[in-house]
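Trainee: Can you keep this structure in mind? I'll have questions shortly.
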Amino acid sequence: MKKICLYFEIHQIIHLKRYRFFDIGRDHYYYDDYENERSINDIAERSYVPALQTLIQMCKDHPEFRVAFSLSGCGLEQLEFHAPQVIDLLQEINSTGQVEFLCEPYSHGLSSLANEESFAAEVKRMSDRIKELFGKRPKVFRNSSLIYNDEIGAQVAAMGFKGILTEGAKQVLGWKSPHYIYHCATDPRLKLLLRDINLSEDITERFTSNPIMADQWLDWIAATPEGENFINIFGELVTFGIFHPLQSGILDFLKAIPVLAKERGIGFALPSDLCEEKSVGAIEVPYNISWVDEERDTSCWLGNVMQREAFQKLYSVADRVRVCGDRRIQMDWDCLQASNNFRFMTTKPGYQYRGIYDSPYDAFTNYMNILGDFISRVNNLYGGADNEEIDGLITMIKNQGDELASKDKEIERLRKKLEKYEATAQEEKKPAPAKKAPAKKVPAKKAPAPKKAEPAKKAEPVKKEEPAKLAESKKTPAKKVAPKKK
């Protein structure tokens, strides 16, 4: 049976304000509050609310329907502050039991390409938030913009995830189909769920310019070769209402999918369900892939000198930020990591939206001014110590952390061993059940042997009375009875 796996990302750009060179050291607040509030409310009203209401109704009307979401931590914070009705709708659809929430980096940033410890810390924070909001810890991971390579796969598997979503890029698949379940080349425990680019972008990219009907789209799915049973349709939730206006009929297209899929014998599955399926083999991804641009790589964030300079300077203080414990620094760190900050600097053709910036050079200058102030604040937390001294301190803290983690694992292992030993000892202490004495067999009594019949005694001859006595008895008169007196 063919199954559709639907997944939608929820992330919101955080807009930085105009920040000039002379503001460094004087102004430590970097955000355009008006634009952030305006944009999140606009997107919630035009996209998130109507799309989620439609999906909730689809779950109620079709018990077999399934859909998955992921949220970035920065986007979640803005929704909680400016548009809490979206969080309410997410919790309502979660109560249907037909959805799954995936995990992604808290900042929606590029830490997976720069710093393993920062990446792991971000993922853990986001996993904790998902557990807190929706009552269940994520089992499947989705990196920012589906960025993936073999090293990232090994890290994600080590964190305990069952699977990861990524792009079905041609340079990786070659002749293979994205409609199978594969596994990570460096850790077979991690399943790879690959996006079907064409079927996904029929909805997310081309729906307005090249409209299609739901029955036609599902016919294409039904016509996939036998054995290609898993169709992964991944996109952003802003597809409905922002990328394509609601007047285009895109929500009607979405609502028709469950009914028409059932008619064609097509079902639905969550990412964690697909991770239970058997893998057909490994996919080797030695270099970065993503779901962005025709190249399906990371060149839109790290493709020019300006972007790489900003990236390297940002993550040069990653270890110091991670161990500092300052809440305000951590909040600014999350926002400065967001991938859109680097995307605004791209010089690739086709990028028209750059927020408040007039050009990629304008975006680079503004970001580097903010970053200069931020790094100065981070260094001031360490009392003016030089880089060598700070790096030595960070290395010592890291080694101590690794040692504590190793001891925690050993303690957990010994605890399980002790529990097993105590359970065994408890079983041995229980008195053994008394064995029933075997019933003694009572020997059957032998029937007594029949007695031999005694020989019959001869009858004694009757003695004749003497004639004299006989005569006397005859002569004796009978006694008269006296009459009773009246």
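Every chain in the structure tokens takes a letter, A first, then B, and so on in the order presented; its residues are numbered from 1, and the ligands are numbered from 1 following the presented order.
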Using only C-alpha atoms, tabulate the residues of region 227-325 of chain A lying at most 7 Å from any atom of region 146-161 of chain A, each with its closest atom pair and that distance in Å to one decimal, by chain and increasing residue number, as a Markdown table.
Mentor:
| residue | atom | partner | partner_atom | distance |
| --- | --- | --- | --- | --- |
| A:Glu284 | CA | A:Asp150 | CA | 6.7 |
| A:Val285 | CA | A:Asn149 | CA | 5.0 |
| A:Pro286 | CA | A:Asn149 | CA | 5.8 |
| A:Tyr287 | CA | A:Asn149 | CA | 5.6 |
| A:Asn288 | CA | A:Asn149 | CA | 5.1 |
| A:Ile289 | CA | A:Ile147 | CA | 5.5 |
| A:Ser290 | CA | A:Ile147 | CA | 4.3 |
| A:Trp291 | CA | A:Leu146 | CA | 5.9 |
Trainee: Please produce an output containing C-alpha atoms for each residue in the selection, written as a PDB file, in the first residue's frame.
Mentor:
ATOM      1  CA  GLU A 284      26.309   8.117   1.217  1.00  0.00           C
ATOM      2  CA  VAL A 285      26.271  11.908   1.535  1.00  0.00           C
ATOM      3  CA  PRO A 286      29.890  13.106   1.878  1.00  0.00           C
ATOM      4  CA  TYR A 287      29.003  16.776   1.251  1.00  0.00           C
ATOM      5  CA  ASN A 288      26.211  19.103   2.367  1.00  0.00           C
ATOM      6  CA  ILE A 289      22.750  18.931   0.822  1.00  0.00           C
ATOM      7  CA  SER A 290      19.601  20.948   1.568  1.00  0.00           C
ATOM      8  CA  TRP A 291      16.198  21.666   0.045  1.00  0.00           C
TER       9      TRP A 291
END
Trainee: So how far away is CA of Ala44 (chain A) from CA of Val86 (chain A), in Å?
Mentor: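 Pair CA of Val86 (chain A) / CA of Ala44 (chain A) returns 7.0 Å.
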Trainee: Pick out the closest residue to Glu277 (chain A) from this set: A:Asn380, A:Gln12, A:Ser209, A:Lys162. Count only C-alpha atoms.
Mentor: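 Ranked by minimum distance to Glu277 (chain A), first place goes to A:Lys162.
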Trainee: Fewer than 3 positions away in the same chain doesn't count, so skip those; otherwise give me all residues within 9 Å of region 103-107 of chain A, counting only C-alpha atoms, as a PyMOL selection string.
Mentor: chain A and resi 69-75+110-112+119-127+130+137-144+333-339
Trainee: Would you work out the distance separating CA of Ala363 (chain A) from CA of Val323 (chain A), expressed in Å to one decimal?
Mentor: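 Here the two named atoms are 29.1 Å from each other.
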Trainee: Neighbouring residues of region 305-314 of chain A were defined as those with any atom within 12 Å, considering only C-alpha atoms; residues of the same chain fewer than 6 positions away were excluded. Please report them as a PyMOL selection string.
Mentor: chain A and resi 109-111+113-115+298-299+320-321+332-348+360-376+378
Trainee: Which residue out of A:Ile197, A:Leu133, A:Ile40, A:Ala261 has the minimum interatomic distance to Ala214 (chain A) when only C-alpha atoms are used?
Mentor: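 Answer, going by the shortest atom-to-atom distance: A:Ala261.
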Trainee: Quick check, in Å to one decimal: how far apart do CA of Asp202 (chain A) and CA of Val49 (chain A) lie?
Mentor: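 Straight-line distance from CA of Asp202 (chain A) to CA of Val49 (chain A) works out to 22.5 Å.
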Trainee: Tell me which protein, DNA and RNA residues are within 12 Å of Tyr7 (chain A), counting only C-alpha atoms, leaving out same-chain ones fewer than 5 positions away, and put them as JSON, numbers by chain.
Mentor: {"A": [55, 66, 67, 68, 69, 70, 71, 99, 100, 101, 102, 140, 141, 142, 146, 165, 166, 193, 194, 195, 196, 200, 204, 231, 232, 233, 234, 235, 236, 237, 239, 268, 269, 270, 271, 272]}
Trainee: Can you list, as a list in words, every protein, DNA or RNA residue that comes within 12 Å of Ile212 (chain A) when you count only C-alpha atoms, leaving out same-chain residues fewer than 4 positions away?
Mentor: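 Counting only the stated atoms, we get Leu199, Glu201, Asp202, Ile203, Thr204, Glu205, Arg206, Phe207, Thr208, Gln216, Trp217, Leu218, Asp219, Trp220, Ser248, Gly249, Ile250, Asp252, Phe253 and Leu254 of chain A.
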Trainee: As a PyMOL selection string, please: every residue in region 75-250 of chain A that DSSP puts in strand (DSSP E).
Mentor: chain A and resi 99-102+140-142+163-167+182-184+191-195+230-236
Trainee: Based on the selection just made, write C-alpha atoms of those residues as a PDB file, in the first residue's frame.
Mentor:
ATOM      1  CA  VAL A  99       0.039  14.354  14.273  1.00  0.00           C
ATOM      2  CA  GLU A 100       3.707  14.220  15.173  1.00  0.00           C
ATOM      3  CA  PHE A 101       6.073  17.026  16.174  1.00  0.00           C
ATOM      4  CA  LEU A 102       9.666  16.693  15.020  1.00  0.00           C
ATOM      5  CA  VAL A 140      12.569  12.065  14.394  1.00  0.00           C
ATOM      6  CA  PHE A 141      14.868  14.984  13.562  1.00  0.00           C
ATOM      7  CA  ARG A 142      14.704  17.650  10.879  1.00  0.00           C
ATOM      8  CA  GLY A 163      15.259   9.017  11.672  1.00  0.00           C
ATOM      9  CA  ILE A 164      16.008  12.279   9.888  1.00  0.00           C
ATOM     10  CA  LEU A 165      14.274  14.147   7.058  1.00  0.00           C
ATOM     11  CA  THR A 166      16.408  15.344   4.172  1.00  0.00           C
ATOM     12  CA  GLU A 167      16.301  16.185   0.473  1.00  0.00           C
ATOM     13  CA  TYR A 182      17.296   4.273   3.394  1.00  0.00           C
ATOM     14  CA  HIS A 183      19.723   4.533   6.314  1.00  0.00           C
ATOM     15  CA  CYS A 184      22.726   6.647   7.251  1.00  0.00           C
ATOM     16  CA  LYS A 191      16.681   6.013   8.866  1.00  0.00           C
ATOM     17  CA  LEU A 192      16.667   8.593   6.049  1.00  0.00           C
ATOM     18  CA  LEU A 193      13.321   9.928   4.782  1.00  0.00           C
ATOM     19  CA  LEU A 194      13.942  11.638   1.443  1.00  0.00           C
ATOM     20  CA  ARG A 195      11.690  14.367   0.048  1.00  0.00           C
ATOM     21  CA  PHE A 230       6.618   5.915   0.600  1.00  0.00           C
ATOM     22  CA  ILE A 231       5.909   9.380  -0.829  1.00  0.00           C
ATOM     23  CA  ASN A 232       7.440  12.146   1.316  1.00  0.00           C
ATOM     24  CA  ILE A 233       5.818  15.559   0.785  1.00  0.00           C
ATOM     25  CA  PHE A 234       7.746  18.194   2.768  1.00  0.00           C
ATOM     26  CA  GLY A 235       7.212  21.963   2.765  1.00  0.00           C
ATOM     27  CA  GLU A 236       6.597  25.095   4.818  1.00  0.00           C
TER      28      GLU A 236
END
Trainee: Pick out each residue of region 116-254 of chain A that DSSP on the backbone tags as helix (DSSP H, G or I); I need them as a PDB file with C-alpha atoms, in the first residue's frame.
Mentor:
ATOM      1  CA  GLU A 116      29.095  19.861  17.423  1.00  0.00           C
ATOM      2  CA  GLU A 117      28.577  20.798  21.092  1.00  0.00           C
ATOM      3  CA  SER A 118      26.475  23.874  20.254  1.00  0.00           C
ATOM      4  CA  PHE A 119      24.427  21.804  17.820  1.00  0.00           C
ATOM      5  CA  ALA A 120      23.735  19.127  20.449  1.00  0.00           C
ATOM      6  CA  ALA A 121      22.797  21.769  23.047  1.00  0.00           C
ATOM      7  CA  GLU A 122      20.333  23.418  20.641  1.00  0.00           C
ATOM      8  CA  VAL A 123      18.689  20.122  19.772  1.00  0.00           C
ATOM      9  CA  LYS A 124      18.268  19.181  23.423  1.00  0.00           C
ATOM     10  CA  ARG A 125      16.662  22.547  24.250  1.00  0.00           C
ATOM     11  CA  MET A 126      14.194  22.191  21.379  1.00  0.00           C
ATOM     12  CA  SER A 127      13.381  18.595  22.303  1.00  0.00           C
ATOM     13  CA  ASP A 128      12.627  19.700  25.874  1.00  0.00           C
ATOM     14  CA  ARG A 129      10.313  22.477  24.617  1.00  0.00           C
ATOM     15  CA  ILE A 130       8.389  20.070  22.379  1.00  0.00           C
ATOM     16  CA  LYS A 131       7.983  17.673  25.313  1.00  0.00           C
ATOM     17  CA  GLU A 132       6.796  20.543  27.522  1.00  0.00           C
ATOM     18  CA  LEU A 133       4.261  21.881  25.006  1.00  0.00           C
ATOM     19  CA  PHE A 134       2.899  18.704  23.446  1.00  0.00           C
ATOM     20  CA  SER A 144      17.398  23.578   9.326  1.00  0.00           C
ATOM     21  CA  SER A 145      16.340  23.574   5.630  1.00  0.00           C
ATOM     22  CA  LEU A 146      16.906  19.771   5.594  1.00  0.00           C
ATOM     23  CA  ASP A 150      27.072  11.748   6.815  1.00  0.00           C
ATOM     24  CA  GLU A 151      28.718  13.460   9.801  1.00  0.00           C
ATOM     25  CA  ILE A 152      25.463  15.173  10.782  1.00  0.00           C
ATOM     26  CA  GLY A 153      23.705  11.817  10.469  1.00  0.00           C
ATOM     27  CA  ALA A 154      26.154  10.217  12.902  1.00  0.00           C
ATOM     28  CA  GLN A 155      25.627  13.060  15.410  1.00  0.00           C
ATOM     29  CA  VAL A 156      21.841  12.823  15.170  1.00  0.00           C
ATOM     30  CA  ALA A 157      21.934   9.033  15.620  1.00  0.00           C
ATOM     31  CA  ALA A 158      24.123   9.464  18.714  1.00  0.00           C
ATOM     32  CA  LYS A 170      19.736  13.925  -7.571  1.00  0.00           C
ATOM     33  CA  GLN A 171      23.454  14.313  -6.893  1.00  0.00           C
ATOM     34  CA  VAL A 172      23.017  11.921  -3.962  1.00  0.00           C
ATOM     35  CA  LEU A 173      20.369   9.514  -5.253  1.00  0.00           C
ATOM     36  CA  ILE A 197      11.144  17.112  -4.969  1.00  0.00           C
ATOM     37  CA  ASN A 198       8.725  17.149  -7.897  1.00  0.00           C
ATOM     38  CA  LEU A 199       5.557  16.150  -6.046  1.00  0.00           C
ATOM     39  CA  SER A 200       6.399  18.469  -3.117  1.00  0.00           C
ATOM     40  CA  GLU A 201       7.133  21.489  -5.289  1.00  0.00           C
ATOM     41  CA  ASP A 202       3.954  20.969  -7.321  1.00  0.00           C
ATOM     42  CA  ILE A 203       2.304  22.321  -4.162  1.00  0.00           C
ATOM     43  CA  THR A 204       4.938  24.513  -2.505  1.00  0.00           C
ATOM     44  CA  ALA A 214      -5.958  17.081  -6.418  1.00  0.00           C
ATOM     45  CA  ASP A 215      -7.132  14.037  -8.373  1.00  0.00           C
ATOM     46  CA  GLN A 216      -4.441  14.585 -11.007  1.00  0.00           C
ATOM     47  CA  TRP A 217      -1.745  14.936  -8.324  1.00  0.00           C
ATOM     48  CA  LEU A 218      -2.879  11.733  -6.585  1.00  0.00           C
ATOM     49  CA  ASP A 219      -3.007   9.888  -9.912  1.00  0.00           C
ATOM     50  CA  TRP A 220       0.701  10.659 -10.293  1.00  0.00           C
ATOM     51  CA  ILE A 221       1.328   9.141  -6.858  1.00  0.00           C
ATOM     52  CA  ALA A 222      -0.765   6.064  -7.647  1.00  0.00           C
ATOM     53  CA  LEU A 237       3.227  25.884   6.393  1.00  0.00           C
ATOM     54  CA  VAL A 238       3.395  29.382   4.873  1.00  0.00           C
ATOM     55  CA  THR A 239       2.791  27.642   1.525  1.00  0.00           C
ATOM     56  CA  LEU A 246      -5.950  31.443  -0.297  1.00  0.00           C
ATOM     57  CA  GLN A 247      -7.899  32.711  -3.315  1.00  0.00           C
ATOM     58  CA  SER A 248      -5.897  30.280  -5.451  1.00  0.00           C
ATOM     59  CA  ILE A 250      -4.875  25.786  -2.326  1.00  0.00           C
ATOM     60  CA  LEU A 251      -6.793  24.911   0.874  1.00  0.00           C
ATOM     61  CA  ASP A 252      -9.515  23.261  -1.220  1.00  0.00           C
ATOM     62  CA  PHE A 253      -6.761  21.236  -2.868  1.00  0.00           C
ATOM     63  CA  LEU A 254      -5.494  20.209   0.573  1.00  0.00           C
TER      64      LEU A 254
END
Trainee: Applying 10 Å and only C-alpha atoms, which residues near Lys60 (chain A) remain after dropping the ones on its own chain fewer than 5 positions away? List them as a tab-separated table (two decimals) with N, CA and C atoms, in the first residue's frame.
Mentor:
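Generated file (result.tsv):
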chain	number	residue	atom	x	y	z
A	55	LEU	N	-6.51	21.75	8.64
A	55	LEU	CA	-5.90	20.47	8.99
A	55	LEU	C	-6.60	19.82	10.18
A	65	PHE	N	-6.10	10.11	8.36
A	65	PHE	CA	-5.22	11.19	7.91
A	65	PHE	C	-4.12	11.42	8.94
A	93	ILE	N	-4.75	20.38	17.47
A	93	ILE	CA	-4.50	19.32	16.48
A	93	ILE	C	-3.67	18.19	17.09
A	96	THR	N	-5.75	15.36	18.66
A	96	THR	CA	-6.40	14.37	17.80
A	96	THR	C	-5.63	13.05	17.78
A	98	GLN	N	-3.32	12.35	15.70
A	98	GLN	CA	-3.00	12.02	14.32
A	98	GLN	C	-1.82	12.85	13.79
Trainee: In terms of the shortest atom-to-atom distance over only C-alpha atoms, which of A:Tyr180, A:Tyr315, A:Arg328, A:Gln57 is closest to Glu226 (chain A)?
Mentor: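 Of the candidates, the smallest distance to Glu226 (chain A) is held by A:Tyr180.
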